[in-house]
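To keep things clear, I will list the structure first and then write my remarks on it.
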Amino acid sequence: MNDHLWQVYQLARSKRSVHGVVQDELDALADALKTGSSSRAAAMCEAAGDLFQLSGELAFDSNRYTDAAAAYSVAASASDSAHAFDLWACALVRHAYVDMSERQFTEATETLDVARTIATRGDPALSTRYWVASVQAEAHANLGDLNACQRALDEAQKVTDLPGPVHNGGWLRFDGSRLPEERGARFVQLGRLDLAEKALKSALDSTALAKGTSYRRRGSVFVDLALIGAKRHDAEQAVTHGREALQLARQSGSGYIARRLQTLRDDLRSYGHDRRVAELAADISSLHAT
């Protein structure tokens with residue numbers, strides 16, 4: 001059932017639509033944990049570590065950071081009890097995303113260092129340690145450390161050297177296909193705008209981000225392209241790509257895109273009285289309020 005729920009979550013346009021069935025499964029799991037035998041304890045803890053990560057994803061996408069952090073903490077504890085090292089490391093990676101969303105970047109790097117250590121005890125055929133590296137790149141970029149960011153990105157790129165399937169499609173979905181857009185996003189954070197734009201446009205042309213596929217990923221790329229326009233004081237670029245991201249946020253109901261658009265709105269304040277920019281900023285504020 002957990003595997004099925006992850007598939008439903010990934011395919012759902014609105015992640016919130018999955019909340020009810022995930023909550024039902026959490027209730028069923030809680031009952032099973034109360035009545036289960038000790039011989040099944042490890043398997044049940046592993047199932048909990050899996051399902052609570054999905055529950056945390058739903059809370060995170062709805063901007064409920066406290067609930068997300070609590071779910072990831074339970075997931076990490078349950079995975080630890082099951083000695084499921086890859087699952088445990090992934091729970092910590094997701095917790096680091098909460099830290100970064102609250103601009104606690106130093107705390108995020110500390111959490112990710114622990115995740116990296118745990119991942120070395122996991123299955124070397126899985127991509128866990130490379131996902132840790134890709135998220136470390138984001139934390140380092142937020143701290144303005146270009147060299148550390150680049151090293152982490154280079155480490156994450158090594159995922160492409162792994163043979164066969166490198167993820168399970170559920171709590172671990174990192175296969176390196178997102179690295180072009182992530183590299184672009186990191187360059188935006190570090191102010192390397194030409195490099196960022198090249199990487200982002202390449203990502204947008206990829207099959208994985210074809211129109212009508214991942215609303216959340218496409219929306220995030222459009223936000224980054226709009227941010228480049230804002231930093232260049234190019235109102236046309238900022239508004240065009242900002243509108244694309246706004247439309248995807250409305251269609252998907254994604255709190256993640258809404259949060260990223262909030263960052264764009266802050267950068268648009270330097271435009272003064274440009275009508276198009278002011279209208280976009282107002283629409284973003286309206287989206288964020290709802």
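Note on naming: chains are A, B, ... as they come in the structure tokens, residues start from 1 per chain, ligands start from 1 in the order shown.
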
Per DSSP on the backbone, filter region 47-229 of chain A down to the residues in alpha helix (DSSP H) and report them as a CSV table (one decimal) with N, CA and C atoms, in the first residue's frame.
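Wrote result-v8.csv, looks like this:
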chain,number,residue,atom,x,y,z
A,47,ALA,N,7.9,0.1,7.7
A,47,ALA,CA,6.7,0.6,7.1
A,47,ALA,C,6.4,2.0,7.6
A,48,ALA,N,6.5,2.2,8.9
A,48,ALA,CA,6.2,3.5,9.5
A,48,ALA,C,7.2,4.6,9.0
A,49,GLY,N,8.5,4.2,8.9
A,49,GLY,CA,9.5,5.1,8.4
A,49,GLY,C,9.2,5.6,7.0
A,50,ASP,N,8.6,4.7,6.2
A,50,ASP,CA,8.2,5.0,4.8
A,50,ASP,C,7.0,5.9,4.8
A,51,LEU,N,5.9,5.5,5.5
A,51,LEU,CA,4.7,6.2,5.4
A,51,LEU,C,4.7,7.6,6.0
A,52,PHE,N,5.5,7.7,7.1
A,52,PHE,CA,5.6,9.0,7.8
A,52,PHE,C,6.4,10.0,6.9
A,53,GLN,N,7.2,9.5,6.1
A,53,GLN,CA,7.9,10.4,5.1
A,53,GLN,C,6.9,11.0,4.1
A,54,LEU,N,6.0,10.1,3.6
A,54,LEU,CA,5.0,10.6,2.7
A,54,LEU,C,4.0,11.6,3.4
A,55,SER,N,3.7,11.3,4.6
A,55,SER,CA,2.9,12.2,5.4
A,55,SER,C,3.5,13.6,5.6
A,56,GLY,N,4.9,13.5,5.8
A,56,GLY,CA,5.6,14.8,5.9
A,56,GLY,C,5.7,15.5,4.6
A,57,GLU,N,5.8,14.8,3.5
A,57,GLU,CA,5.8,15.5,2.2
A,57,GLU,C,4.5,16.2,2.0
A,58,LEU,N,3.4,15.6,2.3
A,58,LEU,CA,2.1,16.3,2.2
A,58,LEU,C,2.0,17.6,3.0
A,59,ALA,N,2.5,17.5,4.3
A,59,ALA,CA,2.5,18.6,5.1
A,59,ALA,C,3.4,19.7,4.6
A,60,PHE,N,4.6,19.3,4.1
A,60,PHE,CA,5.5,20.3,3.6
A,60,PHE,C,5.0,21.0,2.4
A,61,ASP,N,4.3,20.3,1.5
A,61,ASP,CA,3.8,20.9,0.3
A,61,ASP,C,2.6,21.9,0.7
A,65,TYR,N,5.0,23.5,8.2
A,65,TYR,CA,6.4,23.1,8.5
A,65,TYR,C,6.5,22.3,9.8
A,66,THR,N,5.7,22.7,10.8
A,66,THR,CA,5.8,22.0,12.1
A,66,THR,C,5.3,20.6,12.0
A,67,ASP,N,4.2,20.4,11.3
A,67,ASP,CA,3.7,19.0,11.0
A,67,ASP,C,4.7,18.2,10.2
A,68,ALA,N,5.3,18.8,9.2
A,68,ALA,CA,6.3,18.1,8.4
A,68,ALA,C,7.5,17.7,9.2
A,69,ALA,N,8.0,18.6,10.0
A,69,ALA,CA,9.2,18.3,10.8
A,69,ALA,C,8.9,17.1,11.8
A,70,ALA,N,7.7,17.2,12.4
A,70,ALA,CA,7.3,16.1,13.3
A,70,ALA,C,7.2,14.8,12.6
A,71,ALA,N,6.6,14.7,11.4
A,71,ALA,CA,6.5,13.5,10.6
A,71,ALA,C,7.8,12.9,10.2
A,72,TYR,N,8.7,13.8,9.8
A,72,TYR,CA,10.1,13.4,9.4
A,72,TYR,C,10.9,12.9,10.6
A,73,SER,N,10.6,13.5,11.8
A,73,SER,CA,11.3,13.0,13.0
A,73,SER,C,10.9,11.6,13.4
A,74,VAL,N,9.5,11.4,13.3
A,74,VAL,CA,9.0,10.0,13.6
A,74,VAL,C,9.6,9.0,12.5
A,75,ALA,N,9.6,9.4,11.3
A,75,ALA,CA,10.1,8.6,10.2
A,75,ALA,C,11.6,8.2,10.5
A,76,ALA,N,12.4,9.2,10.9
A,76,ALA,CA,13.8,8.9,11.2
A,76,ALA,C,13.9,8.0,12.4
A,77,SER,N,13.2,8.2,13.4
A,77,SER,CA,13.2,7.3,14.6
A,77,SER,C,12.8,5.9,14.3
A,78,ALA,N,11.7,5.7,13.5
A,78,ALA,CA,11.3,4.4,13.1
A,78,ALA,C,12.3,3.7,12.2
A,79,SER,N,12.9,4.4,11.3
A,79,SER,CA,13.9,3.8,10.4
A,79,SER,C,15.1,3.4,11.1
A,80,ASP,N,15.5,4.2,12.1
A,80,ASP,CA,16.6,3.9,13.0
A,80,ASP,C,16.3,2.5,13.7
A,81,SER,N,15.1,2.4,14.3
A,81,SER,CA,14.8,1.2,15.0
A,81,SER,C,14.8,0.0,14.1
A,85,PHE,N,18.9,2.0,6.9
A,85,PHE,CA,19.8,3.1,6.9
A,85,PHE,C,19.5,4.1,5.7
A,86,ASP,N,19.2,3.6,4.6
A,86,ASP,CA,18.8,4.5,3.5
A,86,ASP,C,17.5,5.2,3.8
A,87,LEU,N,16.5,4.5,4.3
A,87,LEU,CA,15.3,5.1,4.7
A,87,LEU,C,15.5,6.2,5.7
A,88,TRP,N,16.3,5.9,6.7
A,88,TRP,CA,16.7,6.9,7.8
A,88,TRP,C,17.3,8.1,7.2
A,89,ALA,N,18.3,7.9,6.3
A,89,ALA,CA,19.0,9.1,5.7
A,89,ALA,C,18.1,10.0,5.0
A,90,CYS,N,17.1,9.3,4.2
A,90,CYS,CA,16.2,10.1,3.4
A,90,CYS,C,15.2,10.9,4.3
A,91,ALA,N,14.9,10.4,5.5
A,91,ALA,CA,14.0,11.1,6.4
A,91,ALA,C,14.8,12.4,6.9
A,92,LEU,N,16.1,12.3,7.1
A,92,LEU,CA,16.9,13.4,7.6
A,92,LEU,C,17.0,14.4,6.4
A,93,VAL,N,17.2,14.0,5.2
A,93,VAL,CA,17.2,14.9,4.1
A,93,VAL,C,16.0,15.7,4.0
A,94,ARG,N,14.8,15.1,4.1
A,94,ARG,CA,13.6,15.8,4.1
A,94,ARG,C,13.4,16.8,5.2
A,95,HIS,N,14.0,16.4,6.4
A,95,HIS,CA,13.9,17.3,7.5
A,95,HIS,C,14.8,18.5,7.2
A,96,ALA,N,15.9,18.4,6.5
A,96,ALA,CA,16.8,19.5,6.1
A,96,ALA,C,16.1,20.5,5.2
A,97,TYR,N,15.2,20.0,4.4
A,97,TYR,CA,14.4,20.9,3.6
A,97,TYR,C,13.5,21.8,4.4
A,98,VAL,N,13.0,21.3,5.5
A,98,VAL,CA,12.2,22.1,6.4
A,98,VAL,C,13.1,23.2,7.0
A,99,ASP,N,14.3,22.8,7.4
A,99,ASP,CA,15.2,23.8,8.0
A,99,ASP,C,15.5,24.9,6.9
A,100,MET,N,15.8,24.5,5.7
A,100,MET,CA,16.1,25.5,4.7
A,100,MET,C,14.9,26.4,4.4
A,101,SER,N,13.7,25.8,4.4
A,101,SER,CA,12.5,26.6,4.2
A,101,SER,C,12.3,27.7,5.2
A,105,PHE,N,19.9,27.6,7.5
A,105,PHE,CA,20.8,26.9,6.6
A,105,PHE,C,22.0,26.1,7.3
A,106,THR,N,22.5,26.7,8.4
A,106,THR,CA,23.5,26.0,9.2
A,106,THR,C,23.0,24.8,9.8
A,107,GLU,N,21.8,24.8,10.3
A,107,GLU,CA,21.1,23.6,10.9
A,107,GLU,C,20.9,22.6,9.8
A,108,ALA,N,20.6,23.0,8.6
A,108,ALA,CA,20.3,22.1,7.5
A,108,ALA,C,21.6,21.4,7.2
A,109,THR,N,22.8,22.1,7.1
A,109,THR,CA,24.0,21.5,6.8
A,109,THR,C,24.4,20.4,7.8
A,110,GLU,N,24.1,20.7,9.1
A,110,GLU,CA,24.5,19.8,10.2
A,110,GLU,C,23.6,18.5,10.0
A,111,THR,N,22.3,18.7,9.7
A,111,THR,CA,21.4,17.5,9.5
A,111,THR,C,21.9,16.7,8.4
A,112,LEU,N,22.3,17.4,7.3
A,112,LEU,CA,22.8,16.7,6.1
A,112,LEU,C,24.1,15.9,6.3
A,113,ASP,N,24.9,16.5,7.1
A,113,ASP,CA,26.2,15.8,7.5
A,113,ASP,C,25.9,14.5,8.1
A,114,VAL,N,24.9,14.5,9.0
A,114,VAL,CA,24.5,13.2,9.7
A,114,VAL,C,23.9,12.3,8.7
A,115,ALA,N,23.0,12.8,7.8
A,115,ALA,CA,22.4,12.0,6.8
A,115,ALA,C,23.5,11.3,5.9
A,116,ARG,N,24.5,12.1,5.5
A,116,ARG,CA,25.6,11.5,4.7
A,116,ARG,C,26.3,10.3,5.4
A,117,THR,N,26.6,10.5,6.7
A,117,THR,CA,27.2,9.4,7.5
A,117,THR,C,26.3,8.2,7.5
A,118,ILE,N,25.0,8.4,7.7
A,118,ILE,CA,24.1,7.2,7.8
A,118,ILE,C,24.0,6.5,6.4
A,119,ALA,N,24.0,7.3,5.4
A,119,ALA,CA,23.9,6.8,4.0
A,119,ALA,C,25.0,5.9,3.7
A,128,THR,N,21.0,7.0,-2.5
A,128,THR,CA,20.8,7.8,-1.3
A,128,THR,C,21.9,8.9,-1.0
A,129,ARG,N,23.2,8.5,-1.1
A,129,ARG,CA,24.3,9.4,-0.7
A,129,ARG,C,24.4,10.5,-1.8
A,130,TYR,N,24.0,10.2,-3.0
A,130,TYR,CA,24.0,11.3,-4.0
A,130,TYR,C,22.9,12.3,-3.9
A,131,TRP,N,21.8,11.8,-3.4
A,131,TRP,CA,20.7,12.7,-3.1
A,131,TRP,C,21.1,13.6,-1.9
A,132,VAL,N,21.7,13.1,-0.9
A,132,VAL,CA,22.2,13.9,0.2
A,132,VAL,C,23.1,15.0,-0.4
A,133,ALA,N,24.0,14.6,-1.3
A,133,ALA,CA,25.0,15.6,-1.9
A,133,ALA,C,24.3,16.7,-2.6
A,134,SER,N,23.2,16.3,-3.4
A,134,SER,CA,22.5,17.4,-4.1
A,134,SER,C,21.8,18.4,-3.2
A,135,VAL,N,21.3,17.9,-2.1
A,135,VAL,CA,20.7,18.8,-1.1
A,135,VAL,C,21.7,19.6,-0.4
A,136,GLN,N,22.9,19.0,-0.1
A,136,GLN,CA,24.0,19.8,0.5
A,136,GLN,C,24.4,20.9,-0.4
A,137,ALA,N,24.3,20.7,-1.7
A,137,ALA,CA,24.7,21.8,-2.7
A,137,ALA,C,23.7,23.0,-2.5
A,138,GLU,N,22.4,22.7,-2.2
A,138,GLU,CA,21.5,23.8,-2.0
A,138,GLU,C,21.8,24.5,-0.7
A,139,ALA,N,22.1,23.8,0.3
A,139,ALA,CA,22.4,24.4,1.6
A,139,ALA,C,23.6,25.3,1.5
A,140,HIS,N,24.7,24.8,0.8
A,140,HIS,CA,25.9,25.6,0.6
A,140,HIS,C,25.6,26.8,-0.2
A,141,ALA,N,24.8,26.7,-1.2
A,141,ALA,CA,24.5,27.8,-2.1
A,141,ALA,C,23.8,28.9,-1.3
A,142,ASN,N,22.9,28.5,-0.4
A,142,ASN,CA,22.2,29.4,0.5
A,142,ASN,C,23.1,30.1,1.4
A,146,LEU,N,30.3,29.0,-2.9
A,146,LEU,CA,30.4,28.4,-4.3
A,146,LEU,C,31.2,27.2,-4.4
A,147,ASN,N,32.3,27.1,-3.8
A,147,ASN,CA,33.2,26.0,-3.9
A,147,ASN,C,32.6,24.7,-3.3
A,148,ALA,N,32.0,24.8,-2.1
A,148,ALA,CA,31.4,23.7,-1.4
A,148,ALA,C,30.2,23.3,-2.2
A,149,CYS,N,29.4,24.2,-2.8
A,149,CYS,CA,28.3,23.9,-3.6
A,149,CYS,C,28.7,23.1,-4.8
A,150,GLN,N,29.7,23.6,-5.5
A,150,GLN,CA,30.2,22.9,-6.7
A,150,GLN,C,30.7,21.5,-6.4
A,151,ARG,N,31.4,21.3,-5.3
A,151,ARG,CA,31.9,20.0,-4.9
A,151,ARG,C,30.7,19.0,-4.7
A,152,ALA,N,29.7,19.5,-4.0
A,152,ALA,CA,28.5,18.7,-3.7
A,152,ALA,C,27.8,18.3,-5.0
A,153,LEU,N,27.6,19.3,-5.9
A,153,LEU,CA,27.0,19.0,-7.2
A,153,LEU,C,27.8,17.9,-8.0
A,154,ASP,N,29.1,18.1,-8.0
A,154,ASP,CA,29.9,17.1,-8.7
A,154,ASP,C,29.8,15.7,-8.0
A,155,GLU,N,29.6,15.6,-6.7
A,155,GLU,CA,29.4,14.4,-6.0
A,155,GLU,C,28.1,13.8,-6.4
A,156,ALA,N,27.0,14.6,-6.5
A,156,ALA,CA,25.7,14.2,-6.8
A,156,ALA,C,25.7,13.6,-8.2
A,157,GLN,N,26.5,14.2,-9.1
A,157,GLN,CA,26.5,13.8,-10.5
A,157,GLN,C,27.0,12.4,-10.7
A,179,LEU,N,19.2,17.0,-11.9
A,179,LEU,CA,20.4,17.8,-11.6
A,179,LEU,C,20.6,19.0,-12.5
A,180,PRO,N,20.2,19.0,-13.8
A,180,PRO,CA,20.3,20.2,-14.6
A,180,PRO,C,19.5,21.4,-14.0
A,181,GLU,N,18.3,21.1,-13.6
A,181,GLU,CA,17.5,22.2,-13.0
A,181,GLU,C,18.0,22.6,-11.7
A,182,GLU,N,18.5,21.6,-10.9
A,182,GLU,CA,19.1,22.0,-9.6
A,182,GLU,C,20.3,22.8,-9.7
A,183,ARG,N,21.2,22.4,-10.7
A,183,ARG,CA,22.4,23.2,-10.9
A,183,ARG,C,22.0,24.6,-11.3
A,184,GLY,N,21.0,24.8,-12.2
A,184,GLY,CA,20.6,26.1,-12.5
A,184,GLY,C,20.1,26.9,-11.3
A,185,ALA,N,19.3,26.3,-10.5
A,185,ALA,CA,18.8,26.9,-9.3
A,185,ALA,C,19.9,27.3,-8.4
A,186,ARG,N,20.9,26.5,-8.2
A,186,ARG,CA,22.1,26.8,-7.3
A,186,ARG,C,22.8,28.0,-7.9
A,187,PHE,N,23.0,28.1,-9.2
A,187,PHE,CA,23.7,29.2,-9.8
A,187,PHE,C,22.9,30.5,-9.6
A,188,VAL,N,21.6,30.4,-9.7
A,188,VAL,CA,20.8,31.6,-9.4
A,188,VAL,C,21.0,32.1,-8.0
A,189,GLN,N,21.0,31.2,-7.0
A,189,GLN,CA,21.3,31.6,-5.6
A,189,GLN,C,22.7,32.2,-5.5
A,193,LEU,N,24.3,34.2,-13.2
A,193,LEU,CA,23.1,34.2,-13.9
A,193,LEU,C,23.2,33.6,-15.3
A,194,ASP,N,24.2,33.8,-16.0
A,194,ASP,CA,24.4,33.3,-17.4
A,194,ASP,C,24.4,31.7,-17.3
A,195,LEU,N,25.2,31.2,-16.4
A,195,LEU,CA,25.3,29.8,-16.2
A,195,LEU,C,24.0,29.2,-15.8
A,196,ALA,N,23.3,29.9,-14.9
A,196,ALA,CA,22.0,29.5,-14.4
A,196,ALA,C,20.9,29.4,-15.5
A,197,GLU,N,20.9,30.4,-16.3
A,197,GLU,CA,19.9,30.5,-17.4
A,197,GLU,C,20.1,29.4,-18.4
A,198,LYS,N,21.3,29.1,-18.8
A,198,LYS,CA,21.7,28.0,-19.7
A,198,LYS,C,21.2,26.7,-19.2
A,199,ALA,N,21.5,26.4,-17.9
A,199,ALA,CA,21.1,25.1,-17.3
A,199,ALA,C,19.6,25.0,-17.2
A,200,LEU,N,18.9,26.1,-16.8
A,200,LEU,CA,17.5,26.0,-16.6
A,200,LEU,C,16.7,25.8,-17.9
A,201,LYS,N,17.2,26.5,-19.0
A,201,LYS,CA,16.5,26.3,-20.3
A,201,LYS,C,16.7,24.9,-20.8
A,202,SER,N,17.9,24.4,-20.6
A,202,SER,CA,18.2,23.0,-21.0
A,202,SER,C,17.3,22.0,-20.3
A,203,ALA,N,17.1,22.3,-19.0
A,203,ALA,CA,16.2,21.4,-18.2
A,203,ALA,C,14.8,21.5,-18.6
A,204,LEU,N,14.3,22.7,-19.0
A,204,LEU,CA,12.9,22.9,-19.4
A,204,LEU,C,12.6,22.2,-20.7
A,215,TYR,N,4.1,19.5,-12.7
A,215,TYR,CA,3.7,20.9,-12.5
A,215,TYR,C,4.7,21.6,-11.5
A,216,ARG,N,5.0,20.8,-10.4
A,216,ARG,CA,5.9,21.4,-9.4
A,216,ARG,C,7.3,21.7,-9.9
A,217,ARG,N,7.8,20.8,-10.6
A,217,ARG,CA,9.2,21.0,-11.1
A,217,ARG,C,9.2,22.1,-12.2
A,218,ARG,N,8.3,22.0,-13.1
A,218,ARG,CA,8.2,23.1,-14.1
A,218,ARG,C,8.0,24.5,-13.5
A,219,GLY,N,7.1,24.5,-12.5
A,219,GLY,CA,6.9,25.8,-11.8
A,219,GLY,C,8.1,26.3,-11.2
A,220,SER,N,8.9,25.4,-10.5
A,220,SER,CA,10.1,25.9,-9.9
A,220,SER,C,11.1,26.4,-10.9
A,221,VAL,N,11.2,25.8,-12.0
A,221,VAL,CA,12.2,26.3,-13.1
A,221,VAL,C,11.7,27.6,-13.6
A,222,PHE,N,10.4,27.8,-13.8
A,222,PHE,CA,9.9,29.1,-14.2
A,222,PHE,C,10.2,30.2,-13.2
A,223,VAL,N,10.1,29.8,-11.9
A,223,VAL,CA,10.4,30.8,-10.8
A,223,VAL,C,11.9,31.2,-10.9
A,224,ASP,N,12.7,30.3,-11.1
A,224,ASP,CA,14.2,30.6,-11.2
A,224,ASP,C,14.5,31.5,-12.4
A,225,LEU,N,13.8,31.2,-13.6
A,225,LEU,CA,14.0,32.0,-14.7
A,225,LEU,C,13.5,33.4,-14.5
A,226,ALA,N,12.4,33.5,-13.8
A,226,ALA,CA,11.8,34.8,-13.4
A,226,ALA,C,12.8,35.6,-12.5
A,227,LEU,N,13.4,34.8,-11.6
A,227,LEU,CA,14.3,35.5,-10.6
A,227,LEU,C,15.5,36.0,-11.4
A,228,ILE,N,16.0,35.3,-12.4
A,228,ILE,CA,17.1,35.8,-13.2
A,228,ILE,C,16.7,37.1,-13.9
A,229,GLY,N,15.5,37.2,-14.4
A,229,GLY,CA,15.0,38.5,-15.0
A,229,GLY,C,14.9,39.6,-13.9

Among listed residues A:Asp274, A:Leu246, A:Ser254, A:Gly176, nearest Ala12 (chain A) (using only C-alpha atoms)
A:Ser254

With only C-alpha atoms as the counted atoms, please give the residues lying no more than 10 Å from Ala235 (chain A), apart from itself and same-chain residues fewer than 2 positions off, as a list in words.
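What passes the distance filter is Ala226, Gly229, Ala230, Lys231, Arg232, His233, Gln237, Ala238, Val239, Thr240, Leu268, Tyr271, Asp274, Arg276 and Val277 of chain A.
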
Met44 (chain A) environment, 9 Å, only C-alpha atoms, sequence neighbours closer than 6 positions dropped, as a PyMOL selection string:
chain A and resi 29+32-33+36+78+82

Between CA of Asn168 (chain A) and CA of Ser62 (chain A), what is the spacing in Å?
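If I compute the distance from CA of Ser62 (chain A) to CA of Asn168 (chain A), I get 24.4 Å.
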
Please, what distance in Å, to one decimal, runs between CA of Leu5 (chain A) and CA of Arg178 (chain A)?
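So the answer is 22.0 Å.
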
What does the structure give for the distance between CA of Gly144 (chain A) and CA of Arg173 (chain A), in Å to one decimal?
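Going from CA of Gly144 (chain A) over to CA of Arg173 (chain A), I get 27.1 Å.
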